[in-house]
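Source file run_31.cif; content: mmCIF, C-alpha atoms and all ligand atoms.
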data_my_file
#
loop_
_atom_site.label_atom_id
_atom_site.label_comp_id
_atom_site.auth_asym_id
_atom_site.auth_seq_id
_atom_site.Cartn_x
_atom_site.Cartn_y
_atom_site.Cartn_z
CA MET A 1 51.16 113.31 -28.84
CA ILE A 2 52.22 113.69 -25.23
CA LYS A 3 50.73 110.98 -23.05
CA VAL A 4 50.22 110.56 -19.34
CA LEU A 5 53.25 108.99 -17.60
CA LYS A 6 53.25 105.22 -17.23
CA GLY A 7 51.70 104.19 -13.91
CA THR A 8 49.80 107.47 -13.50
CA LYS A 9 46.20 108.30 -14.41
CA ASP A 10 43.85 111.20 -14.88
CA ILE A 11 40.80 111.22 -12.67
CA LEU A 12 38.25 112.24 -15.27
CA PRO A 13 35.15 114.39 -14.77
CA GLN A 14 32.87 111.34 -15.12
CA GLU A 15 34.78 109.65 -12.27
CA VAL A 16 35.11 112.59 -9.95
CA ASP A 17 31.69 112.27 -8.28
CA GLY A 18 32.82 108.89 -6.92
CA TRP A 19 36.02 110.49 -5.61
CA HIS A 20 34.02 113.25 -3.98
CA LEU A 21 31.98 110.60 -2.18
CA LEU A 22 35.18 108.91 -0.91
CA GLU A 23 36.36 112.25 0.42
CA LYS A 24 33.03 113.42 1.82
CA ASN A 25 32.44 110.22 3.77
CA ALA A 26 35.94 110.43 5.21
CA LEU A 27 35.24 113.99 6.34
CA ASP A 28 31.82 113.06 7.80
CA ILE A 29 32.85 109.88 9.59
CA PHE A 30 36.37 110.57 10.86
CA ILE A 31 35.18 113.74 12.61
CA ARG A 32 32.68 111.66 14.62
CA TYR A 33 35.61 109.72 16.03
CA GLY A 34 37.48 112.90 16.97
CA TYR A 35 39.91 113.06 14.02
CA LYS A 36 41.21 116.32 12.53
CA GLU A 37 42.63 116.49 9.03
CA ILE A 38 46.33 117.22 8.55
CA ARG A 39 47.92 118.21 5.24
CA THR A 40 51.66 117.63 5.05
CA PRO A 41 53.90 118.34 2.04
CA ILE A 42 54.27 115.82 -0.78
CA ILE A 43 58.06 116.25 -0.69
CA GLU A 44 60.14 115.48 2.39
CA VAL A 45 63.84 114.97 3.07
CA THR A 46 64.81 111.45 1.99
CA GLU A 47 66.17 110.59 5.41
CA LEU A 48 62.64 110.76 6.87
CA PHE A 49 61.70 107.68 4.87
CA SER A 50 64.96 105.75 5.21
CA ARG A 51 64.76 106.21 8.98
CA GLY A 52 60.97 106.21 9.30
CA VAL A 53 59.82 103.51 6.88
CA GLY A 54 63.00 101.47 7.21
CA ASP A 55 65.85 100.82 4.82
CA THR A 56 65.15 97.10 4.57
CA THR A 57 61.75 97.71 2.95
CA ASP A 58 60.92 97.48 -0.74
CA ILE A 59 59.51 100.99 -0.53
CA VAL A 60 62.81 102.52 0.52
CA ASN A 61 65.10 100.19 -1.41
CA LYS A 62 63.40 100.11 -4.77
CA GLU A 63 60.37 102.31 -4.99
CA MET A 64 61.21 105.88 -4.00
CA TYR A 65 61.23 108.85 -6.35
CA THR A 66 64.31 110.67 -5.09
CA PHE A 67 66.11 113.69 -6.52
CA GLU A 68 68.78 116.18 -5.51
CA LYS A 69 68.10 119.90 -5.18
CA SER A 70 70.66 122.33 -3.69
CA ASP A 71 72.64 119.43 -2.24
CA ARG A 72 69.60 118.04 -0.43
CA SER A 73 68.17 114.66 -1.16
CA ILE A 74 64.41 114.99 -1.53
CA THR A 75 61.79 112.27 -1.96
CA LEU A 76 58.18 112.26 -3.14
CA ARG A 77 56.32 110.67 -0.24
CA PRO A 78 55.69 106.94 -0.80
CA GLU A 79 53.35 106.83 2.23
CA ASN A 80 52.25 109.37 4.82
CA THR A 81 52.79 107.93 8.28
CA ALA A 82 56.39 109.16 8.37
CA GLY A 83 55.32 112.66 7.29
CA VAL A 84 52.54 112.85 9.88
CA VAL A 85 54.91 111.66 12.61
CA ARG A 86 57.47 114.27 11.55
CA SER A 87 54.81 116.97 11.81
CA PHE A 88 53.56 115.60 15.16
CA ILE A 89 57.07 115.92 16.59
CA GLU A 90 58.00 119.21 14.91
CA ASN A 91 54.80 120.94 16.05
CA GLY A 92 54.94 119.69 19.63
CA MET A 93 51.66 117.80 19.39
CA ALA A 94 52.82 115.45 22.15
CA ARG A 95 51.94 118.30 24.54
CA GLN A 96 48.26 118.02 23.61
CA SER A 97 46.20 115.68 25.73
CA ALA A 98 46.07 112.16 24.34
CA PRO A 99 44.81 110.90 22.03
CA VAL A 100 45.88 113.10 19.16
CA LYS A 101 43.88 111.86 16.17
CA LEU A 102 44.87 112.93 12.65
CA TRP A 103 43.66 111.92 9.21
CA TYR A 104 44.91 112.69 5.71
CA LYS A 105 44.23 112.06 2.08
CA GLY A 106 46.39 112.63 -0.97
CA PRO A 107 48.74 111.29 -3.61
CA MET A 108 51.61 108.88 -2.85
CA PHE A 109 54.42 107.87 -5.21
CA ARG A 110 56.09 104.49 -5.60
CA TYR A 111 58.21 103.34 -8.50
CA GLU A 112 56.56 99.92 -8.85
CA ARG A 113 55.68 97.79 -11.86
CA PRO A 114 52.33 99.22 -12.98
CA GLN A 115 49.55 96.64 -13.13
CA ALA A 116 45.87 96.32 -12.21
CA GLY A 117 45.46 97.92 -8.77
CA ARG A 118 49.03 99.21 -8.72
CA GLN A 119 50.03 102.66 -9.92
CA ARG A 120 53.11 104.83 -9.50
CA GLN A 121 51.05 107.79 -8.38
CA PHE A 122 48.10 106.61 -6.33
CA HIS A 123 46.03 108.07 -3.50
CA GLN A 124 45.61 107.08 0.08
CA VAL A 125 43.23 108.10 2.81
CA GLY A 126 44.51 107.27 6.27
CA VAL A 127 44.37 107.90 10.01
CA GLU A 128 46.98 108.07 12.78
CA MET A 129 46.22 108.05 16.51
CA PHE A 130 48.92 109.06 19.00
CA GLY A 131 49.27 108.58 22.73
CA ILE A 132 47.24 105.47 23.55
CA LYS A 133 48.86 102.13 24.25
CA GLU A 134 45.68 100.29 25.27
CA PRO A 135 43.99 97.83 22.86
CA THR A 136 40.87 100.03 22.86
CA ALA A 137 42.78 102.25 20.41
CA ASP A 138 43.54 99.28 18.14
CA ALA A 139 39.89 98.22 18.21
CA GLU A 140 38.61 101.74 17.55
CA ALA A 141 41.01 102.18 14.62
CA ILE A 142 39.84 98.92 13.03
CA LEU A 143 36.19 99.81 13.73
CA LEU A 144 36.65 103.17 12.04
CA ALA A 145 38.11 101.51 8.94
CA VAL A 146 35.22 99.04 8.77
CA ASN A 147 32.60 101.77 9.26
CA TYR A 148 34.16 103.96 6.58
CA LEU A 149 34.13 101.03 4.14
CA LYS A 150 30.51 100.26 5.04
CA SER A 151 29.54 103.87 4.36
CA LEU A 152 30.81 103.36 0.81
CA GLY A 153 28.62 100.28 0.42
CA LEU A 154 31.55 97.87 0.76
CA ASN A 155 30.57 94.89 2.88
CA ASP A 156 32.18 91.90 1.20
CA LEU A 157 35.43 92.39 3.04
CA GLU A 158 37.67 90.33 5.27
CA VAL A 159 39.56 91.76 8.24
CA GLU A 160 42.84 89.93 8.90
CA ILE A 161 44.76 90.53 12.10
CA ASN A 162 48.02 89.40 13.65
CA SER A 163 50.32 90.41 16.48
CA LEU A 164 54.01 90.93 15.83
CA GLY A 165 54.77 91.21 19.53
CA CYS A 166 57.29 93.67 20.91
CA PRO A 167 60.98 93.91 20.02
CA LYS A 168 61.76 91.66 23.02
CA CYS A 169 59.53 88.69 22.29
CA ARG A 170 59.91 89.07 18.55
CA GLU A 171 63.68 88.61 18.85
CA GLU A 172 63.20 85.02 20.01
CA TYR A 173 60.69 84.38 17.19
CA LYS A 174 63.09 85.80 14.60
CA LYS A 175 65.80 83.48 15.88
CA ARG A 176 63.48 80.47 15.56
CA ILE A 177 62.48 81.46 12.01
CA LYS A 178 66.12 81.85 10.98
CA GLU A 179 67.06 78.55 12.51
CA VAL A 180 64.36 76.54 10.75
CA LEU A 181 65.06 78.28 7.41
CA LYS A 182 68.84 77.89 7.57
CA PRO A 183 68.92 74.63 5.56
CA GLU A 184 66.77 76.31 2.87
CA PHE A 185 68.82 79.49 2.63
CA ASP A 186 70.25 78.75 -0.83
CA ASN A 187 66.76 78.06 -2.21
CA LEU A 188 65.31 81.39 -1.06
CA CYS A 189 64.89 84.23 -3.57
CA GLU A 190 67.53 86.94 -3.62
CA ASP A 191 65.33 89.40 -1.69
CA CYS A 192 64.63 86.82 0.99
CA GLN A 193 68.35 86.07 1.36
CA THR A 194 68.85 89.74 2.21
CA ARG A 195 65.79 89.78 4.47
CA TYR A 196 67.13 86.66 6.25
CA GLU A 197 69.91 88.78 7.73
CA LYS A 198 68.26 92.17 7.99
CA ASN A 199 64.62 91.50 8.82
CA PRO A 200 63.69 87.80 8.91
CA LEU A 201 60.00 88.43 9.69
CA ARG A 202 59.62 90.06 6.30
CA LEU A 203 60.41 86.69 4.72
CA LEU A 204 56.88 85.61 5.54
CA ASP A 205 55.54 88.43 3.35
CA CYS A 206 57.36 87.18 0.22
CA LYS A 207 55.10 86.68 -2.79
CA VAL A 208 57.58 84.51 -4.75
CA GLU A 209 56.14 81.04 -5.32
CA THR A 210 59.31 79.05 -4.55
CA CYS A 211 59.60 80.87 -1.22
CA GLN A 212 55.91 80.28 -0.46
CA ASN A 213 56.45 76.58 -1.14
CA ILE A 214 59.34 76.49 1.28
CA PHE A 215 57.29 78.22 3.98
CA SER A 216 54.45 75.73 3.56
CA LYS A 217 56.65 72.81 4.70
CA SER A 218 55.28 71.40 7.91
CA GLU A 219 58.34 71.89 10.14
CA ILE A 220 58.51 75.54 9.00
CA GLN A 221 54.77 76.06 9.42
CA GLU A 222 55.09 74.77 12.94
CA VAL A 223 57.56 77.53 13.80
CA ILE A 224 55.56 80.21 11.96
CA LYS A 225 52.42 79.25 13.87
CA SER A 226 54.10 78.86 17.24
CA ASP A 227 53.22 81.21 20.07
CA PHE A 228 55.96 83.64 20.87
CA LEU A 229 54.17 86.60 22.44
CA CYS A 230 55.29 87.66 25.91
CA GLU A 231 52.67 88.00 28.62
CA GLU A 232 51.92 91.70 27.99
CA CYS A 233 51.73 91.30 24.21
CA ALA A 234 49.50 88.24 24.53
CA GLU A 235 47.19 90.14 26.91
CA HIS A 236 47.02 93.11 24.50
CA TYR A 237 46.18 90.82 21.58
CA LYS A 238 43.59 88.89 23.59
CA ASN A 239 41.84 92.11 24.62
CA LEU A 240 41.84 93.45 21.07
CA LYS A 241 40.09 90.28 19.92
CA LYS A 242 37.59 90.61 22.77
CA TYR A 243 36.69 94.16 21.68
CA LEU A 244 36.36 93.13 18.04
CA GLU A 245 33.98 90.37 19.04
CA LYS A 246 31.94 92.77 21.19
CA LEU A 247 31.79 95.18 18.24
CA ASN A 248 30.66 92.38 15.95
CA ILE A 249 33.66 92.77 13.66
CA LYS A 250 34.45 89.44 12.05
CA TYR A 251 38.16 88.79 11.71
CA VAL A 252 40.57 86.09 10.61
CA GLU A 253 43.91 85.58 12.31
CA ASN A 254 46.75 85.33 9.81
CA LYS A 255 50.19 84.43 11.17
CA LEU A 256 51.78 85.31 7.83
CA LEU A 257 50.56 88.89 8.01
CA VAL A 258 53.68 90.92 8.82
CA ARG A 259 53.12 94.02 6.63
CA GLY A 260 55.73 95.58 4.42
CA LEU A 261 57.00 98.30 6.72
CA ASP A 262 59.58 98.01 9.47
CA TYR A 263 57.91 100.17 12.07
CA TYR A 264 55.07 97.95 13.24
CA ASN A 265 54.79 96.19 16.60
CA ARG A 266 51.97 94.25 18.24
CA THR A 267 48.77 94.69 16.21
CA VAL A 268 48.90 94.59 12.41
CA PHE A 269 45.86 94.24 10.19
CA GLU A 270 44.69 94.27 6.61
CA ILE A 271 41.26 94.48 5.06
CA LYS A 272 40.85 92.53 1.85
CA SER A 273 38.16 92.35 -0.76
CA ASN A 274 37.24 89.25 -2.69
CA ASN A 275 36.42 91.39 -5.72
CA LEU A 276 39.83 92.87 -6.43
CA GLY A 277 41.88 90.13 -8.08
CA SER A 278 45.46 89.70 -6.96
CA GLN A 279 46.01 93.19 -5.50
CA ASN A 280 43.21 92.57 -3.05
CA ALA A 281 44.17 94.67 -0.01
CA VAL A 282 42.18 97.88 0.42
CA CYS A 283 43.48 98.77 3.87
CA GLY A 284 46.67 98.12 5.79
CA GLY A 285 47.69 99.28 9.20
CA GLY A 286 49.02 98.59 12.62
CA ARG A 287 50.61 99.79 15.82
CA TYR A 288 53.95 101.59 15.70
CA ASP A 289 54.89 102.40 19.27
CA SER A 290 58.58 103.09 18.64
CA LEU A 291 58.41 105.30 15.53
CA VAL A 292 57.90 108.68 17.20
CA LYS A 293 60.96 108.14 19.39
CA GLN A 294 62.96 106.74 16.50
CA LEU A 295 62.32 109.96 14.57
CA GLY A 296 63.47 112.12 17.48
CA GLY A 297 60.27 112.68 19.47
CA GLU A 298 59.22 111.59 22.92
CA ASP A 299 58.25 107.99 23.41
CA THR A 300 54.62 107.95 22.17
CA PRO A 301 52.53 104.89 21.31
CA ALA A 302 50.63 105.15 18.03
CA ILE A 303 48.43 103.24 15.65
CA GLY A 304 47.16 103.95 12.14
CA TRP A 305 46.03 102.66 8.79
CA ALA A 306 45.94 103.67 5.14
CA MET A 307 43.57 102.74 2.34
CA GLY A 308 44.22 102.82 -1.38
CA MET A 309 41.61 105.15 -2.85
CA GLU A 310 41.87 103.80 -6.43
CA ARG A 311 41.06 100.34 -5.06
CA LEU A 312 38.11 101.75 -3.06
CA TYR A 313 36.88 103.57 -6.14
CA SER A 314 37.02 100.41 -8.24
CA LEU A 315 34.91 98.54 -5.67
CA MET A 316 32.22 101.18 -5.34
CA GLN A 317 28.97 101.14 -7.27
CA THR A 318 29.20 103.72 -10.03
CA VAL A 319 28.01 107.02 -8.71
CA GLU A 320 25.52 108.65 -11.10
CA PRO A 321 26.86 112.06 -12.16
CA GLU A 322 24.89 114.89 -10.55
CA LYS A 323 22.41 116.61 -12.86
CA LEU A 324 21.94 120.39 -12.93
CA ASP A 325 19.00 121.75 -10.97
CA GLY A 326 17.79 123.59 -14.03
CA TYR A 327 18.51 124.31 -17.69
CA ILE A 328 17.01 127.53 -19.02
CA VAL A 329 15.19 127.28 -22.32
CA SER A 330 14.61 130.61 -24.07
CA ASN A 331 14.85 132.42 -27.40
CA SER A 332 16.40 135.37 -25.62
CA SER A 333 20.00 134.68 -24.61
CA ALA A 334 20.17 137.95 -22.72
CA GLU A 335 17.10 137.16 -20.58
CA ALA A 336 18.30 133.59 -20.03
CA PHE A 337 21.73 134.89 -19.02
CA MET A 338 20.21 137.24 -16.41
CA LEU A 339 17.90 134.57 -14.99
CA ALA A 340 20.75 132.04 -14.81
CA GLU A 341 22.81 134.50 -12.75
CA GLU A 342 19.84 135.25 -10.47
CA LEU A 343 19.32 131.53 -9.76
CA ARG A 344 23.03 130.74 -9.40
CA ASN A 345 23.25 133.49 -6.80
CA GLN A 346 20.52 131.67 -4.89
CA GLY A 347 22.70 128.54 -4.87
CA LEU A 348 21.05 126.56 -7.68
CA THR A 349 23.12 124.83 -10.37
CA VAL A 350 21.93 126.30 -13.65
CA GLU A 351 23.05 126.52 -17.26
CA PHE A 352 21.57 128.11 -20.34
CA ASP A 353 22.26 127.92 -24.06
CA LEU A 354 25.29 130.06 -24.90
CA GLN A 355 24.89 129.60 -28.64
CA SER A 356 21.27 130.69 -29.37
CA LYS A 357 20.24 127.24 -30.59
CA LYS A 358 16.62 126.43 -31.55
CA PHE A 359 14.05 126.22 -28.73
CA THR A 360 13.44 122.48 -29.32
CA LYS A 361 17.17 121.74 -29.28
CA GLN A 362 17.43 123.55 -25.96
CA LEU A 363 14.56 121.48 -24.54
CA GLU A 364 16.30 118.28 -25.67
CA LYS A 365 19.49 119.38 -23.97
CA ALA A 366 17.59 120.25 -20.78
CA SER A 367 16.13 116.74 -20.55
CA LYS A 368 19.63 115.27 -20.76
CA VAL A 369 21.47 117.44 -18.27
CA ALA A 370 18.96 118.83 -15.75
CA ASP A 371 16.18 117.91 -13.35
CA TYR A 372 14.06 120.89 -14.47
CA ALA A 373 13.60 122.87 -17.66
CA ILE A 374 13.14 126.51 -16.76
CA ILE A 375 11.23 127.97 -19.67
CA LEU A 376 11.44 131.64 -20.43
CA GLY A 377 9.22 132.19 -23.48
CA GLU A 378 7.92 135.57 -24.75
CA ASP A 379 4.73 135.31 -22.66
CA GLU A 380 6.68 134.52 -19.53
CA ILE A 381 9.10 137.39 -20.10
CA LYS A 382 6.24 139.86 -20.56
CA ALA A 383 4.46 138.63 -17.42
CA GLY A 384 7.66 138.51 -15.35
CA LYS A 385 7.13 134.77 -14.82
CA VAL A 386 8.81 131.47 -15.72
CA SER A 387 7.46 128.00 -16.48
CA VAL A 388 9.15 125.19 -14.61
CA LYS A 389 8.94 121.69 -16.05
CA ASN A 390 9.85 118.68 -13.93
CA LEU A 391 11.72 116.53 -16.47
CA SER A 392 11.04 113.21 -14.78
CA THR A 393 7.24 113.69 -14.31
CA SER A 394 6.69 116.21 -17.17
CA GLU A 395 4.61 118.32 -14.74
CA GLN A 396 4.77 121.98 -15.67
CA THR A 397 3.71 125.08 -13.75
CA THR A 398 4.01 128.80 -14.41
CA ILE A 399 5.28 130.73 -11.41
CA ASP A 400 6.88 133.97 -10.26
CA ARG A 401 10.64 134.12 -10.86
CA CYS A 402 11.24 134.38 -7.14
CA ASP A 403 9.55 131.01 -6.50
CA VAL A 404 11.83 128.89 -8.72
CA LYS A 405 14.09 127.78 -5.91
CA LYS A 406 11.11 126.81 -3.74
CA ILE A 407 9.71 124.53 -6.48
CA ILE A 408 13.04 122.96 -7.43
CA ARG A 409 14.17 122.28 -3.89
CA SER A 410 10.76 121.15 -2.58
P1 LIG B 1 50.50 95.80 -1.36
O1 LIG B 1 50.73 94.54 -0.60
O2 LIG B 1 49.21 95.81 -2.13
O3 LIG B 1 51.69 96.25 -2.16
P2 LIG B 1 51.36 97.62 0.65
O4 LIG B 1 51.60 96.84 1.87
O5 LIG B 1 52.51 98.07 -0.18
O6 LIG B 1 50.26 96.91 -0.25
P3 LIG B 1 50.54 99.91 2.14
O7 LIG B 1 51.81 100.60 2.09
O8 LIG B 1 50.09 99.30 3.39
O9 LIG B 1 50.45 98.87 0.97
O10 LIG B 1 49.38 100.88 1.63
C1 LIG B 1 48.02 100.75 2.04
C2 LIG B 1 47.10 100.59 0.88
O11 LIG B 1 47.46 101.47 -0.19
C3 LIG B 1 47.13 99.22 0.22
O12 LIG B 1 46.32 98.33 0.92
C4 LIG B 1 46.58 99.52 -1.16
O13 LIG B 1 45.16 99.59 -1.12
C5 LIG B 1 47.13 100.89 -1.44
N1 LIG B 1 48.32 100.83 -2.32
C6 LIG B 1 49.59 100.57 -1.97
N2 LIG B 1 50.42 100.64 -3.03
C7 LIG B 1 49.63 100.98 -4.10
C8 LIG B 1 49.87 101.22 -5.47
N3 LIG B 1 51.11 101.16 -5.98
N4 LIG B 1 48.83 101.55 -6.27
C9 LIG B 1 47.58 101.64 -5.77
N5 LIG B 1 47.28 101.43 -4.47
C10 LIG B 1 48.28 101.10 -3.64
MG MG B 2 53.47 97.39 -1.92
#

For the structure just supplied, provide its representation as structure tokens.
Ligand code: ATP
Ligand code: MG
Amino acid sequence: MIKVLKGTKDILPQEVDGWHLLEKNALDIFIRYGYKEIRTPIIEVTELFSRGVGDTTDIVNKEMYTFEKSDRSITLRPENTAGVVRSFIENGMARQSAPVKLWYKGPMFRYERPQAGRQRQFHQVGVEMFGIKEPTADAEAILLAVNYLKSLGLNDLEVEINSLGCPKCREEYKKRIKEVLKPEFDNLCEDCQTRYEKNPLRLLDCKVETCQNIFSKSEIQEVIKSDFLCEECAEHYKNLKKYLEKLNIKYVENKLLVRGLDYYNRTVFEIKSNNLGSQNAVCGGGRYDSLVKQLGGEDTPAIGWAMGMERLYSLMQTVEPEKLDGYIVSNSSAEAFMLAEELRNQGLTVEFDLQSKKFTKQLEKASKVADYAIILGEDEIKAGKVSVKNLSTSEQTTIDRCDVKKIIRS
């Protein structure tokens, strides 16, 4: 038997109503904040990710699905910010008046160890906002994430924020971190030893216990917690917090929050759920003011976030599958067939028995799958009428065929 690939999953018909809700609420809510959907390809040239996501990240180093085709190196997208930025540049969107607000949804691919909350093909819904450097944009992006989560009934969530400063003030911080960790270098995990040289801030993100123990030492904590933001970055961060407070968004400041990707500056944030076990982040995002330029565009500030849709789905209340509006019960398949078509053309969801089963069997089926039984017995056929039975109240009335929709949708 051929089985689904490890780390991938079918989204089955009994789950798809929940997925539709995730997608519908995104469509309904993002539009209110001025976002337009963008659909970029799932494959991109590999260089987009090595330059865009950063070649010191786990994503680029270990997790990409890359293959050669006609001498080009191609990669299945592991995330979509790089793809959206590529499209923003390529299609001259910088010429539009700011902000340019784009959202997306779709599959992402990362060759990770599959476990609860972690797949190799998973889905993200995300937003990107271009052209605004002010902290209002950061606050609005976080607000949008919170409101989307609320619309799905998810309230038990924690917003964590941090500021990574700008390349200038961060340089000094990196130096301090390296200095205080120098005596511990040999005790760091192999990944952290590489990060120490290439991207010391990423050390703080390490999940390895021995590294975490090292970072919890008081002299190291002191450096981690020290203020390093320059005046402008501190002002930006202060104003963001002011807006969040005004908007009643509770947040926790987490100095260890550095995010896995290289492109962030200033604001970074994550939204976590207490009901998810160890993979507890549903949303991650931040500001990436240098990425557009780095990928060949004009200098354009930007901010965005992405949410893991499988994790959202697992937190949502189960969505009851939609029932049919009506199930036609009749001893005449031909008459039932014609009536079903008539009602479907009016926009109702209708099925009938394709196998000429017994009348009582058809009624049983109707009560399982539909809100109404639409009964087409011999008397009804002769009189050009139908009987409509409400299957939750058992109320039944005989009406003209043309009035079925009125009754069912009343
Ligand atoms: P994590 O720390 O959980 O690995 P990340 O920093 O790699 O997250 P991002 O790249 O920021 O994740 O992606 C945003 C969101 O996408 C995450 O918060 C999570 O909900 C989801 N996500 C990321 N990787 C996976 C995966 N392999 N399987 C399922 N969902 C994922
Ligand atoms: Mg990850």

Surroundings of ligand MG 2 (chain B) up to 10 Å, based on only C-alpha atoms and all ligand atoms, as a VMD selection string: chain A and resid 57 to 59 63 78 110 112 118 259 to 261 279 281

Within 10 Å of ligand LIG 1 (chain B), counting all atoms listed in the file: which residues, as number ranges by chain? A: 7-8, 53, 57-59, 63, 78-81, 107-126, 205-207, 258-261, 269-272, 278-286, 305-312

Point-to-point distance in Å for atom CA of Arg77 of chain A and atom CA of Ile38 of chain A: 14.8 Å

Starting from the point (67.3, 90.0, 7.7), work out which residues of protein, DNA or RNA have an atom no more than 12 Å away when counting only C-alpha atoms; state them as a compact mmCIF listing (two decimals) with C-alpha atoms, in the coordinates of the input.
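The file below, selection_2.txt, is the result:
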# COMPACT_ATOMS: atom_id res chain seq x y z
CA ASP A 55 65.85 100.82 4.82
CA THR A 56 65.15 97.10 4.57
CA THR A 57 61.75 97.71 2.95
CA GLU A 171 63.68 88.61 18.85
CA LYS A 174 63.09 85.80 14.60
CA LYS A 175 65.80 83.48 15.88
CA ILE A 177 62.48 81.46 12.01
CA LYS A 178 66.12 81.85 10.98
CA LEU A 181 65.06 78.28 7.41
CA PHE A 185 68.82 79.49 2.63
CA GLU A 190 67.53 86.94 -3.62
CA ASP A 191 65.33 89.40 -1.69
CA CYS A 192 64.63 86.82 0.99
CA GLN A 193 68.35 86.07 1.36
CA THR A 194 68.85 89.74 2.21
CA ARG A 195 65.79 89.78 4.47
CA TYR A 196 67.13 86.66 6.25
CA GLU A 197 69.91 88.78 7.73
CA LYS A 198 68.26 92.17 7.99
CA ASN A 199 64.62 91.50 8.82
CA PRO A 200 63.69 87.80 8.91
CA LEU A 201 60.00 88.43 9.69
CA ARG A 202 59.62 90.06 6.30
CA LEU A 203 60.41 86.69 4.72
CA LEU A 204 56.88 85.61 5.54
CA ASP A 262 59.58 98.01 9.47

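By chain and then residue number, the residues within 7 Å of segment 88-105 of chain A are Gly34, Tyr35, Lys36, Glu37, Ile38, Arg39, Gln124, Val125, Gly126, Val127, Glu128, Met129, Phe130, Gly131, Ile132 and Gly297 of chain A, counting all atoms listed in the file and disregarding those fewer than 6 positions away in sequence.
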
Pick out the residues sitting within 10 Å of Ala370 of chain A, and hand them over as number ranges by chain; count only C-alpha atoms, and ignore anything fewer than 5 positions along from it in its own chain. A: 322-328, 349-351, 365, 390-392

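Taking all atoms listed in the file into account, Val386 of chain A lies nearest to A:Ala336 out of the set A:Val4, A:Ala336, A:Leu348, A:Leu295.
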
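Among the candidate residues A:Cys166, A:Ile29, A:Leu21, A:Leu244, the one lying nearest to Arg287 of chain A is A:Cys166, with distances computed using all atoms listed in the file.
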
Where atoms are missing, can you supply N, CA, C and O atoms for segment 112-122 of chain A and output the lot as a compact mmCIF listing (two decimals), keeping the file's coordinate frame?
# COMPACT_ATOMS: atom_id res chain seq x y z
N GLU A 112 56.84 101.35 -8.81
CA GLU A 112 56.56 99.92 -8.85
C GLU A 112 56.21 99.54 -10.28
O GLU A 112 55.96 100.40 -11.12
N ARG A 113 56.13 98.23 -10.53
CA ARG A 113 55.68 97.79 -11.86
C ARG A 113 54.18 98.06 -11.95
O ARG A 113 53.40 97.50 -11.19
N PRO A 114 53.76 98.93 -12.89
CA PRO A 114 52.33 99.22 -12.98
C PRO A 114 51.54 97.99 -13.41
O PRO A 114 51.99 97.22 -14.26
N GLN A 115 50.43 97.75 -12.79
CA GLN A 115 49.55 96.64 -13.13
C GLN A 115 48.18 96.95 -12.53
O GLN A 115 48.04 97.98 -11.87
N ALA A 116 47.21 96.05 -12.76
CA ALA A 116 45.87 96.32 -12.21
C ALA A 116 45.98 96.54 -10.70
O ALA A 116 46.57 95.73 -10.00
N GLY A 117 45.44 97.64 -10.21
CA GLY A 117 45.46 97.92 -8.77
C GLY A 117 46.79 98.44 -8.26
O GLY A 117 46.99 98.58 -7.06
N ARG A 118 47.73 98.72 -9.16
CA ARG A 118 49.03 99.21 -8.72
C ARG A 118 49.51 100.32 -9.65
O ARG A 118 49.77 100.08 -10.82
N GLN A 119 49.57 101.52 -9.13
CA GLN A 119 50.03 102.66 -9.92
C GLN A 119 51.29 103.25 -9.30
O GLN A 119 51.66 102.90 -8.19
N ARG A 120 51.92 104.16 -10.03
CA ARG A 120 53.11 104.83 -9.50
C ARG A 120 52.73 106.10 -8.76
O ARG A 120 53.39 106.49 -7.82
N GLN A 121 51.69 106.78 -9.23
CA GLN A 121 51.05 107.79 -8.38
C GLN A 121 49.68 107.25 -8.05
O GLN A 121 48.88 106.95 -8.95
N PHE A 122 49.42 107.07 -6.77
CA PHE A 122 48.10 106.61 -6.33
C PHE A 122 47.71 107.44 -5.12
O PHE A 122 48.50 108.28 -4.67
